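Structure data follow from coords.cif (mmCIF, C-alpha atoms):
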data_work
#
loop_
_atom_site.label_atom_id
_atom_site.label_comp_id
_atom_site.auth_asym_id
_atom_site.auth_seq_id
_atom_site.Cartn_x
_atom_site.Cartn_y
_atom_site.Cartn_z
CA MET A 3 34.12 91.14 132.99
CA LYS A 4 30.87 89.58 131.97
CA ASN A 5 29.99 90.33 128.38
CA LEU A 6 26.68 90.27 126.59
CA GLY A 7 25.44 87.70 124.15
CA SER A 8 24.07 88.53 120.74
CA ASN A 9 21.01 87.97 118.65
CA ARG A 10 23.50 86.97 115.98
CA GLN A 11 26.11 84.95 117.79
CA PHE A 12 28.06 85.02 121.01
CA LYS A 13 30.90 82.61 121.51
CA SER A 14 33.07 82.33 124.58
CA LEU A 15 35.83 79.79 125.00
CA ALA A 16 36.70 78.28 128.36
CA TYR A 17 40.27 77.06 128.08
CA SER A 18 42.77 76.09 130.70
CA GLY A 19 46.33 77.31 130.65
CA MET A 20 48.93 79.54 132.20
CA PHE A 21 48.95 82.44 129.81
CA LEU A 22 46.41 84.86 128.42
CA LEU A 23 46.08 84.89 124.65
CA ALA A 24 42.93 86.41 123.26
CA ALA A 25 41.58 87.64 119.95
CA PHE A 26 38.74 90.13 120.03
CA SER A 27 35.90 90.85 117.67
CA ILE A 28 33.41 93.72 117.83
CA MET A 29 33.32 93.92 121.61
CA SER A 30 35.39 91.75 123.87
CA SER A 31 37.18 90.95 127.10
CA ALA A 32 39.56 88.39 128.51
CA GLU A 33 39.52 86.94 131.98
CA LEU A 34 41.98 85.03 134.08
CA ILE A 35 40.51 82.74 136.71
CA THR A 36 42.44 81.15 139.54
CA GLN A 37 42.68 77.51 140.42
CA ASN A 38 42.40 76.08 143.91
CA ALA A 39 42.53 79.49 145.61
CA SER A 40 41.19 80.80 148.89
CA ALA A 41 41.12 84.40 150.04
CA PHE A 42 41.24 83.26 153.63
CA ALA A 43 43.18 80.01 153.82
CA ASP A 44 43.30 78.28 157.18
CA ASP A 45 46.97 78.45 157.99
CA GLY A 46 46.74 78.36 161.75
CA LYS A 47 46.26 80.83 164.58
CA ALA A 48 48.57 83.75 165.03
CA THR A 49 50.67 83.23 168.13
CA GLN A 50 52.14 86.68 168.53
CA ILE A 51 51.51 90.33 167.89
CA VAL A 52 52.74 91.36 164.47
CA LYS A 53 53.48 95.05 163.92
CA SER A 54 54.68 97.00 160.94
CA GLU A 55 56.35 100.28 161.80
CA LYS A 56 55.74 101.58 158.30
CA THR A 57 52.00 100.86 158.11
CA LYS A 58 51.33 100.65 161.87
CA ILE A 59 49.35 97.44 161.49
CA SER A 60 48.77 95.40 164.65
CA HIS A 61 47.55 91.80 164.67
CA TYR A 62 46.23 90.04 167.78
CA THR A 63 44.54 86.73 168.55
CA LEU A 64 42.04 86.62 171.41
CA ASP A 65 41.70 83.64 173.74
CA ASN A 66 38.63 82.38 171.89
CA GLY A 67 40.54 82.30 168.59
CA LEU A 68 39.19 85.48 167.03
CA GLU A 69 41.80 87.43 165.07
CA LEU A 70 41.97 91.21 165.33
CA VAL A 71 43.75 93.51 162.89
CA VAL A 72 44.06 97.23 163.69
CA ILE A 73 45.17 99.82 161.13
CA PRO A 74 45.36 103.33 162.63
CA ASP A 75 44.82 106.22 160.21
CA HIS A 76 44.21 109.63 161.78
CA ARG A 77 43.64 111.66 158.62
CA ALA A 78 39.87 111.82 159.26
CA PRO A 79 37.64 111.21 162.34
CA VAL A 80 36.19 108.05 160.79
CA VAL A 81 36.62 104.34 161.46
CA THR A 82 35.71 101.27 159.42
CA HIS A 83 34.84 98.17 161.40
CA MET A 84 34.66 94.85 159.55
CA VAL A 85 34.02 91.23 160.49
CA TRP A 86 35.22 88.65 157.97
CA TYR A 87 34.05 85.05 158.37
CA LYS A 88 36.16 82.38 156.70
CA VAL A 89 33.21 80.86 154.90
CA GLY A 90 31.64 81.42 151.51
CA SER A 91 29.70 79.65 148.80
CA ALA A 92 32.58 77.23 148.14
CA ASP A 93 32.06 75.85 151.66
CA GLU A 94 28.43 74.91 151.09
CA VAL A 95 27.39 71.28 150.95
CA ALA A 96 26.02 69.90 147.71
CA GLY A 97 22.37 70.73 147.17
CA LYS A 98 22.41 73.82 149.42
CA SER A 99 23.82 76.40 147.03
CA GLY A 100 23.15 79.97 148.10
CA ILE A 101 22.99 79.27 151.85
CA ALA A 102 26.07 81.44 152.60
CA HIS A 103 24.52 84.44 150.84
CA PHE A 104 21.09 83.69 152.35
CA LEU A 105 22.55 83.69 155.86
CA GLU A 106 24.23 87.03 155.15
CA HIS A 107 20.74 88.47 154.64
CA LEU A 108 19.37 86.77 157.73
CA MET A 109 22.12 88.17 159.95
CA PHE A 110 20.24 91.48 159.90
CA LYS A 111 17.05 89.95 161.35
CA GLY A 112 17.82 90.52 165.02
CA THR A 113 19.01 88.56 168.01
CA SER A 114 17.65 87.49 171.35
CA LYS A 115 18.88 90.84 172.73
CA TYR A 116 18.22 93.32 169.90
CA LYS A 117 15.31 93.78 167.50
CA ASN A 118 15.89 93.27 163.79
CA ASP A 119 16.35 96.98 163.04
CA GLU A 120 18.12 98.11 166.20
CA PHE A 121 21.66 97.50 164.97
CA SER A 122 21.11 99.24 161.63
CA SER A 123 19.30 102.15 163.30
CA ALA A 124 22.26 102.79 165.59
CA VAL A 125 24.51 103.12 162.53
CA VAL A 126 22.10 105.30 160.55
CA GLU A 127 21.38 107.66 163.45
CA ILE A 128 24.96 108.94 163.50
CA GLY A 129 25.21 109.16 159.72
CA GLY A 130 27.17 105.96 159.34
CA THR A 131 26.90 103.31 156.65
CA GLU A 132 26.79 99.53 156.76
CA ASN A 133 26.55 96.60 154.43
CA ALA A 134 27.66 93.02 153.88
CA PHE A 135 28.83 90.84 151.02
CA THR A 136 29.43 87.18 150.24
CA SER A 137 32.01 85.60 147.95
CA ALA A 138 33.12 82.06 147.22
CA ASP A 139 35.60 82.14 150.11
CA TYR A 140 34.39 84.64 152.70
CA THR A 141 31.44 86.59 154.07
CA ALA A 142 32.00 90.07 155.48
CA TYR A 143 30.01 92.67 157.39
CA TYR A 144 31.12 96.27 157.81
CA GLN A 145 30.20 99.62 159.30
CA ARG A 146 31.73 103.05 158.60
CA ILE A 147 31.18 105.16 161.70
CA THR A 148 32.65 107.79 164.03
CA PRO A 149 35.15 106.49 166.60
CA ASP A 150 32.95 107.37 169.60
CA ILE A 151 30.44 104.61 168.82
CA LEU A 152 32.95 101.91 167.97
CA GLU A 153 32.39 100.10 171.27
CA PRO A 154 28.59 99.70 170.94
CA ILE A 155 28.96 98.70 167.27
CA MET A 156 31.47 96.02 168.25
CA GLY A 157 28.99 94.93 170.90
CA PHE A 158 26.20 94.62 168.35
CA GLU A 159 28.39 92.61 165.99
CA ALA A 160 29.67 90.34 168.77
CA ASP A 161 26.09 89.73 169.88
CA ARG A 162 24.91 88.53 166.49
CA MET A 163 27.95 86.28 166.26
CA GLU A 164 26.32 84.03 168.85
CA ASN A 165 22.70 85.11 169.48
CA LEU A 166 21.06 85.26 166.06
CA THR A 167 17.34 84.47 166.29
CA LEU A 168 15.52 83.08 163.28
CA THR A 169 11.86 82.19 162.84
CA GLU A 170 9.80 81.04 159.89
CA GLU A 171 8.20 84.50 159.85
CA THR A 172 11.58 86.15 159.17
CA VAL A 173 13.24 83.44 157.09
CA LEU A 174 10.59 82.74 154.44
CA PRO A 175 10.03 86.36 153.33
CA GLU A 176 13.80 86.84 153.11
CA ARG A 177 14.07 83.74 150.93
CA ASP A 178 11.66 85.45 148.55
CA VAL A 179 14.00 88.46 148.59
CA ILE A 180 17.05 86.46 147.46
CA LEU A 181 14.99 84.67 144.82
CA GLU A 182 13.91 88.03 143.43
CA GLU A 183 17.52 89.20 143.62
CA ARG A 184 18.53 86.29 141.43
CA ARG A 185 15.73 87.00 138.97
CA SER A 186 16.70 90.67 138.64
CA ARG A 187 20.49 90.28 138.64
CA ILE A 188 20.95 87.00 136.78
CA ASP A 189 17.92 85.50 135.10
CA THR A 190 16.88 88.63 133.18
CA LYS A 191 20.39 89.62 132.05
CA PRO A 192 22.09 87.81 129.17
CA SER A 193 25.54 88.92 130.37
CA ALA A 194 24.98 87.42 133.83
CA ILE A 195 23.51 84.20 132.43
CA LEU A 196 26.54 83.83 130.21
CA GLY A 197 29.01 84.52 133.00
CA GLU A 198 27.32 81.95 135.21
CA SER A 199 27.43 79.37 132.42
CA LEU A 200 31.08 80.10 131.74
CA SER A 201 32.09 79.45 135.33
CA ALA A 202 30.04 76.26 135.46
CA THR A 203 31.77 75.08 132.29
CA LEU A 204 35.27 76.09 133.35
CA TYR A 205 35.13 74.44 136.77
CA GLN A 206 34.28 70.77 136.40
CA ASN A 207 35.18 69.72 139.94
CA HIS A 208 35.58 72.84 142.06
CA ARG A 209 32.82 74.63 143.96
CA TYR A 210 33.82 77.86 142.23
CA GLY A 211 31.67 76.67 139.33
CA ILE A 212 28.52 77.18 141.41
CA PRO A 213 27.19 80.76 141.59
CA VAL A 214 27.55 82.53 144.93
CA ILE A 215 23.89 83.46 144.91
CA GLY A 216 22.99 79.80 144.26
CA TRP A 217 20.97 77.86 141.71
CA PHE A 218 17.33 78.90 141.73
CA HIS A 219 15.89 75.41 142.24
CA GLU A 220 18.09 74.91 145.32
CA MET A 221 17.57 78.40 146.70
CA GLU A 222 13.82 77.97 146.82
CA GLN A 223 14.28 74.93 149.07
CA LEU A 224 16.53 76.62 151.65
CA SER A 225 15.04 76.57 155.14
CA LYS A 226 15.42 78.02 158.60
CA ASP A 227 17.13 74.82 159.73
CA ASP A 228 19.64 75.08 156.87
CA ALA A 229 20.50 78.63 157.89
CA ILE A 230 20.85 77.78 161.59
CA ALA A 231 23.07 74.77 160.87
CA PHE A 232 25.35 76.87 158.64
CA TYR A 233 25.45 79.64 161.26
CA ASN A 234 26.29 77.27 164.11
CA LYS A 235 29.11 75.64 162.17
CA PHE A 236 30.87 78.70 160.75
CA TYR A 237 29.89 81.81 162.72
CA THR A 238 32.17 81.20 165.66
CA PRO A 239 34.94 83.58 166.85
CA ASN A 240 37.73 81.17 165.92
CA ASN A 241 36.54 81.40 162.31
CA ALA A 242 36.42 85.21 162.17
CA ILE A 243 38.77 88.11 161.56
CA VAL A 244 37.86 91.59 162.82
CA ILE A 245 39.52 94.50 161.04
CA VAL A 246 39.35 98.04 162.42
CA ALA A 247 40.86 100.83 160.37
CA GLY A 248 40.74 104.58 160.92
CA ASP A 249 41.03 107.13 163.70
CA VAL A 250 41.84 104.65 166.48
CA GLU A 251 44.73 103.39 168.58
CA ALA A 252 45.63 99.70 168.54
CA GLN A 253 45.67 99.15 172.29
CA VAL A 254 42.30 100.86 172.74
CA VAL A 255 40.72 98.70 170.02
CA LYS A 256 42.27 95.58 171.51
CA ALA A 257 40.71 96.38 174.88
CA LEU A 258 37.31 96.95 173.25
CA ALA A 259 37.61 93.68 171.33
CA GLU A 260 38.36 91.75 174.50
CA LYS A 261 35.40 93.45 176.20
CA THR A 262 32.99 92.56 173.39
CA TYR A 263 34.18 89.77 171.10
CA GLY A 264 36.29 88.22 173.85
CA LYS A 265 33.10 87.19 175.66
CA VAL A 266 31.77 85.18 172.70
CA ALA A 267 32.22 81.48 173.33
CA ARG A 268 34.13 79.33 170.87
CA ARG A 269 31.28 76.99 170.01
CA ALA A 270 32.40 75.15 166.86
CA GLU A 271 35.48 73.86 165.08
CA PRO A 272 34.98 74.38 161.33
CA GLY A 273 38.26 72.60 160.65
CA LYS A 274 40.77 73.16 157.91
CA ARG A 275 39.22 74.21 154.66
CA GLN A 276 39.44 71.75 151.81
CA ARG A 277 39.62 73.05 148.27
CA VAL A 278 39.62 70.36 145.60
CA LYS A 279 41.73 70.69 142.49
CA GLU A 280 40.53 70.75 138.94
CA PRO A 281 41.47 67.76 136.77
CA ARG A 282 43.84 68.45 133.91
CA PRO A 283 41.73 69.79 131.01
CA ARG A 284 41.59 67.41 128.07
CA THR A 285 38.87 68.89 125.90
CA HIS A 286 37.95 72.11 124.18
CA ARG A 287 35.03 73.77 125.97
CA SER A 288 32.81 76.39 124.41
CA VAL A 289 29.72 78.28 125.56
CA GLU A 290 27.41 80.14 123.17
CA LEU A 291 24.50 82.40 124.00
CA TYR A 292 21.95 83.88 121.60
CA ASP A 293 19.59 86.55 122.89
CA ASN A 294 17.41 88.99 120.94
CA LYS A 295 17.78 91.64 123.64
CA VAL A 296 21.45 92.04 122.75
CA THR A 297 22.60 93.57 119.47
CA THR A 298 26.38 93.84 119.90
CA PRO A 299 28.34 90.58 119.83
CA SER A 300 31.11 90.03 122.36
CA TRP A 301 33.73 87.40 123.01
CA GLN A 302 35.83 86.34 125.96
CA ARG A 303 38.24 83.61 126.93
CA MET A 304 38.89 82.29 130.44
CA TYR A 305 41.93 80.41 131.72
CA LEU A 306 42.58 78.38 134.84
CA VAL A 307 45.78 79.76 136.33
CA PRO A 308 47.60 79.64 139.69
CA SER A 309 46.47 81.93 142.50
CA TYR A 310 48.44 83.74 145.17
CA GLN A 311 47.80 80.71 147.39
CA SER A 312 48.56 77.91 144.95
CA GLY A 313 51.19 79.41 142.67
CA GLU A 314 54.95 79.33 142.87
CA PRO A 315 56.73 82.44 144.23
CA LEU A 316 56.06 85.50 142.02
CA GLU A 317 53.84 83.48 139.65
CA ALA A 318 50.59 85.17 140.69
CA GLU A 319 52.26 88.57 140.78
CA ALA A 320 53.39 88.09 137.18
CA LEU A 321 49.87 87.14 136.09
CA ASP A 322 48.42 90.12 137.93
CA ILE A 323 50.81 92.50 136.21
CA LEU A 324 50.23 90.79 132.85
CA SER A 325 46.49 91.42 133.08
CA GLN A 326 47.18 95.11 133.75
CA ILE A 327 49.53 95.43 130.77
CA LEU A 328 47.23 93.58 128.39
CA GLY A 329 43.82 94.96 129.20
CA ASN A 330 43.57 97.53 131.99
CA GLY A 331 42.50 100.91 130.67
CA SER A 332 43.19 103.05 127.64
CA THR A 333 46.97 102.60 127.80
CA SER A 334 46.82 98.80 127.71
CA ARG A 335 48.19 96.83 124.76
CA LEU A 336 44.84 95.42 123.66
CA TYR A 337 43.04 98.76 123.93
CA LYS A 338 45.62 100.56 121.79
CA LYS A 339 45.79 97.77 119.22
CA LEU A 340 42.13 96.84 118.81
CA ILE A 341 40.35 100.10 119.59
CA VAL A 342 42.75 102.90 118.73
CA GLU A 343 44.77 101.43 115.86
CA ASN A 344 42.58 98.78 114.19
CA LYS A 345 39.22 100.22 115.27
CA ILE A 346 37.60 96.77 115.41
CA ALA A 347 36.41 96.79 119.03
CA ALA A 348 34.22 99.07 121.12
CA ASN A 349 35.53 97.84 124.43
CA VAL A 350 38.28 95.56 125.66
CA GLY A 351 39.65 94.39 128.98
CA ALA A 352 41.49 91.75 130.94
CA TYR A 353 41.80 90.91 134.59
CA TYR A 354 43.22 88.38 136.98
CA ARG A 355 40.75 87.09 139.54
CA PHE A 356 42.76 85.62 142.39
CA GLN A 357 39.91 84.03 144.39
#
Now, as a test, write the supplied structure out as structure tokens.
Amino acid sequence: MKNLGSNRQFKSLAYSGMFLLAAFSIMSSAELITQNASAFADDGKATQIVKSEKTKISHYTLDNGLELVVIPDHRAPVVTHMVWYKVGSADEVAGKSGIAHFLEHLMFKGTSKYKNDEFSSAVVEIGGTENAFTSADYTAYYQRITPDILEPIMGFEADRMENLTLTEETVLPERDVILEERRSRIDTKPSAILGESLSATLYQNHRYGIPVIGWFHEMEQLSKDDAIAFYNKFYTPNNAIVIVAGDVEAQVVKALAEKTYGKVARRAEPGKRQRVKEPRPRTHRSVELYDNKVTTPSWQRMYLVPSYQSGEPLEAEALDILSQILGNGSTSRLYKKLIVENKIAANVGAYYRFQ
């Protein structure tokens, strides 16, 4: 949760530890942040089909290294098709912050085979939806469609995995778009400015301290060549996971994947992802924000804690459950104590972010 600053005083403490302990004032939240985590860790290719009889999940690996996960669900004649690339803002090189998110935008600008609106039009024409999103550890593209057009949609997505076409005429206007996105979502909002500053203060060594959207002064220098280099390094089938869930059969989807994605050449070797560790915290860190646009003070504390990837068995699960007990909803401990009983807070919350 990102809380607002105050024209009186906002104070947020960035500690490191293994346990959440927070005191709240007028309006507050607590946040748990993970250390050295990755939503898609590189732990090798799958070598066999993995099936769960209970959930009917099938997992395949194509010859070019692309992973395919199929989750049949016949309750409605709908299918969700997603492509997850194992790359995010934490994989950017220094000085190029925002390139992962920028490339996400540029992926909709057309290929050597299809015009820049042809893919999206095919989805819209049948009443489907599409979008994409970027995080610190992954970038994903998805479409929610009817099963009868799954094959052409997979063809479109496979095509832009290897045939993206970028020109200065398409790149430069889109760079203006992401700069305006930063202005509207970050630079004009005290809560977002504070959240960005908190992360930068908490992470002294890790790339998680750099905003996914990027720093403005670096974003405005991003170029077509930067985007193409990032695309060529990471947008290769052996660095992607395709997930298809809905009114489908696993063997049918596998055949379609081989017909479409299976033809995409493995053109790069991104290598094993490296996530640096934070040094042991030795100092008290505090961030304060004053802003006349905000009239209600708020307070939050952030901890560095183990993730599902880095923690010992059941450690992350315990932290996840702890965040629910402490600050998730009106039945949580903090809500009942600070809002219902003591009436000293207007809002309260806690969560565990297992990046």
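Here atom CA of A:Leu166 and atom CA of A:Arg275 stand 24.1 Å from one another.
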Proximity to A:Phe104 - best of A:Asn349, A:Thr297, A:Ser199, A:Gln223, only C-alpha atoms: A:Gln223
Check what the PyMOL selection byres ((chain A and resi 88) around 8) selects in the file above and give those residues as a ChimeraX atom specification. /A:42-43,86-87,89-90,139-141,236,241-243
Within 12 Å of (34.7, 66.1, 152.6), in the coordinates the file gives, what residues turn up when you count all atoms listed in the file, written out as number ranges by chain? A: 93-96, 273-278
Pull C-alpha atoms from the residues just selected and write them as an mmCIF file, in the coordinates of the input.
data_model
loop_
_atom_site.group_PDB
_atom_site.id
_atom_site.type_symbol
_atom_site.label_atom_id
_atom_site.label_comp_id
_atom_site.auth_asym_id
_atom_site.auth_seq_id
_atom_site.Cartn_x
_atom_site.Cartn_y
_atom_site.Cartn_z
ATOM 1 C CA ASP A 93 32.060 75.850 151.660
ATOM 2 C CA GLU A 94 28.430 74.910 151.090
ATOM 3 C CA VAL A 95 27.390 71.280 150.950
ATOM 4 C CA ALA A 96 26.020 69.900 147.710
ATOM 5 C CA GLY A 273 38.260 72.600 160.650
ATOM 6 C CA LYS A 274 40.770 73.160 157.910
ATOM 7 C CA ARG A 275 39.220 74.210 154.660
ATOM 8 C CA GLN A 276 39.440 71.750 151.810
ATOM 9 C CA ARG A 277 39.620 73.050 148.270
ATOM 10 C CA VAL A 278 39.620 70.360 145.600
#
Measuring atom to atom with all atoms listed in the file, identify which of A:Thr190, A:Ala229, A:Arg287, A:Ala92 is nearest to A:Asn207. A:Ala92
Using Å and a single decimal, report how far atom CA of A:Tyr305 sits from atom CA of A:Lys338.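 Interatomic distance, atom CA of A:Lys338 to atom CA of A:Tyr305: 22.8 Å.
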Best match for closeness to A:Pro281 among A:Leu108, A:Glu183, A:His208, A:Ser193, counting only C-alpha atoms: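 Among A:Leu108, A:Glu183, A:His208, A:Ser193, it is A:His208 that comes nearest to A:Pro281.
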Do you have the atom CA of A:Pro149-atom CA of A:His61 distance handy?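 Rounded to one decimal, the two atoms are 19.3 Å apart.
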Edge lengths and centre, in Å to one decimal, as JSON: that's what I need for the box along x, y and z that holds all listed atoms of stretch 253-265 of chain A plus 3 Å on each side.
{"center_x": 39.3, "center_y": 94.0, "center_z": 173.1, "size_x": 18.7, "size_y": 19.7, "size_z": 12.2}
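Those residues returned by the PyMOL selection byres ((chain A and resi 124) around 12) for this file are Tyr116, Lys117, Asn118, Asp119, Glu120, Phe121, Ser122, Ser123, Val125, Val126, Glu127, Ile128, Gly129, Gly130, Thr131, Glu132, Gln145, Arg146, Ile147, Thr148, Ile151, Leu152, Glu153, Pro154, Ile155, Met156, Gly157, Phe158 and Glu159 of chain A.
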For the residues in that selection, give me C-alpha atoms as a compact mmCIF listing (two decimals), in the coordinates of the input.
# COMPACT_ATOMS: atom_id res chain seq x y z
CA TYR A 116 18.22 93.32 169.90
CA LYS A 117 15.31 93.78 167.50
CA ASN A 118 15.89 93.27 163.79
CA ASP A 119 16.35 96.98 163.04
CA GLU A 120 18.12 98.11 166.20
CA PHE A 121 21.66 97.50 164.97
CA SER A 122 21.11 99.24 161.63
CA SER A 123 19.30 102.15 163.30
CA VAL A 125 24.51 103.12 162.53
CA VAL A 126 22.10 105.30 160.55
CA GLU A 127 21.38 107.66 163.45
CA ILE A 128 24.96 108.94 163.50
CA GLY A 129 25.21 109.16 159.72
CA GLY A 130 27.17 105.96 159.34
CA THR A 131 26.90 103.31 156.65
CA GLU A 132 26.79 99.53 156.76
CA GLN A 145 30.20 99.62 159.30
CA ARG A 146 31.73 103.05 158.60
CA ILE A 147 31.18 105.16 161.70
CA THR A 148 32.65 107.79 164.03
CA ILE A 151 30.44 104.61 168.82
CA LEU A 152 32.95 101.91 167.97
CA GLU A 153 32.39 100.10 171.27
CA PRO A 154 28.59 99.70 170.94
CA ILE A 155 28.96 98.70 167.27
CA MET A 156 31.47 96.02 168.25
CA GLY A 157 28.99 94.93 170.90
CA PHE A 158 26.20 94.62 168.35
CA GLU A 159 28.39 92.61 165.99
Evaluate the PyMOL selection byres ((chain A and resi 247-257) around 7) against this structure - the residues, as a PDB file with C-alpha atoms, keeping the file's coordinate frame, please.
ATOM      1  CA  SER A  60      48.770  95.400 164.650  1.00  0.00           C
ATOM      2  CA  VAL A  72      44.060  97.230 163.690  1.00  0.00           C
ATOM      3  CA  ILE A  73      45.170  99.820 161.130  1.00  0.00           C
ATOM      4  CA  PRO A  74      45.360 103.330 162.630  1.00  0.00           C
ATOM      5  CA  ASP A  75      44.820 106.220 160.210  1.00  0.00           C
ATOM      6  CA  HIS A  76      44.210 109.630 161.780  1.00  0.00           C
ATOM      7  CA  ALA A  78      39.870 111.820 159.260  1.00  0.00           C
ATOM      8  CA  PRO A  79      37.640 111.210 162.340  1.00  0.00           C
ATOM      9  CA  VAL A  80      36.190 108.050 160.790  1.00  0.00           C
ATOM     10  CA  VAL A  81      36.620 104.340 161.460  1.00  0.00           C
ATOM     11  CA  THR A  82      35.710 101.270 159.420  1.00  0.00           C
ATOM     12  CA  HIS A  83      34.840  98.170 161.400  1.00  0.00           C
ATOM     13  CA  PRO A 149      35.150 106.490 166.600  1.00  0.00           C
ATOM     14  CA  ILE A 245      39.520  94.500 161.040  1.00  0.00           C
ATOM     15  CA  VAL A 246      39.350  98.040 162.420  1.00  0.00           C
ATOM     16  CA  LEU A 258      37.310  96.950 173.250  1.00  0.00           C
ATOM     17  CA  ALA A 259      37.610  93.680 171.330  1.00  0.00           C
ATOM     18  CA  GLU A 260      38.360  91.750 174.500  1.00  0.00           C
ATOM     19  CA  LYS A 261      35.400  93.450 176.200  1.00  0.00           C
TER      20      LYS A 261
END
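Restricting the calculation to only C-alpha atoms, the smallest distance between A:Pro308 and any of A:His103, A:Lys295, A:Lys279, A:Arg284 is found for A:Lys279.
Counting only C-alpha atoms, the residue from A:His219, A:Ser186, A:Ala352, A:Thr203 that sits nearest to A:Tyr337 is A:Ala352.
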Point out the residue among A:Thr298, A:Asn240, A:Ser225, A:Thr333 with the least atom-to-atom distance to A:Leu64, counting only C-alpha atoms.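 Between A:Thr298, A:Asn240, A:Ser225, A:Thr333, the residue approaching A:Leu64 most closely is A:Asn240.
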Please extract stretch 244-249 of chain A and write it out with all heavy atoms, as a short mmCIF file (atom, residue, chain, number, x, y, z; two decimals), in the first residue's frame.
data_model
loop_
_atom_site.label_atom_id
_atom_site.label_comp_id
_atom_site.auth_asym_id
_atom_site.auth_seq_id
_atom_site.Cartn_x
_atom_site.Cartn_y
_atom_site.Cartn_z
N VAL A 244 4.26 -19.91 -22.04
CA VAL A 244 2.92 -19.68 -22.55
C VAL A 244 1.94 -20.43 -21.66
O VAL A 244 2.11 -21.62 -21.41
CB VAL A 244 2.79 -20.15 -24.01
CG1 VAL A 244 1.33 -20.05 -24.47
CG2 VAL A 244 3.68 -19.32 -24.92
N ILE A 245 0.94 -19.73 -21.18
CA ILE A 245 -0.10 -20.33 -20.35
C ILE A 245 -1.44 -20.18 -21.05
O ILE A 245 -1.83 -19.07 -21.44
CB ILE A 245 -0.16 -19.68 -18.96
CG1 ILE A 245 1.20 -19.83 -18.25
CG2 ILE A 245 -1.28 -20.29 -18.11
CD1 ILE A 245 1.27 -19.13 -16.90
N VAL A 246 -2.15 -21.29 -21.22
CA VAL A 246 -3.47 -21.28 -21.83
C VAL A 246 -4.44 -21.92 -20.84
O VAL A 246 -4.26 -23.07 -20.44
CB VAL A 246 -3.49 -22.05 -23.16
CG1 VAL A 246 -4.89 -22.02 -23.77
CG2 VAL A 246 -2.48 -21.45 -24.15
N ALA A 247 -5.45 -21.16 -20.45
CA ALA A 247 -6.42 -21.65 -19.48
C ALA A 247 -7.83 -21.38 -19.98
O ALA A 247 -8.12 -20.30 -20.50
CB ALA A 247 -6.21 -20.97 -18.12
N GLY A 248 -8.70 -22.39 -19.85
CA GLY A 248 -10.08 -22.20 -20.25
C GLY A 248 -10.65 -23.40 -20.96
O GLY A 248 -10.26 -24.54 -20.70
N ASP A 249 -11.55 -23.16 -21.88
CA ASP A 249 -12.31 -24.22 -22.56
C ASP A 249 -11.47 -24.85 -23.67
O ASP A 249 -11.76 -24.68 -24.86
CB ASP A 249 -13.60 -23.62 -23.11
CG ASP A 249 -14.59 -24.68 -23.57
OD1 ASP A 249 -14.41 -25.86 -23.21
OD2 ASP A 249 -15.53 -24.33 -24.31
#
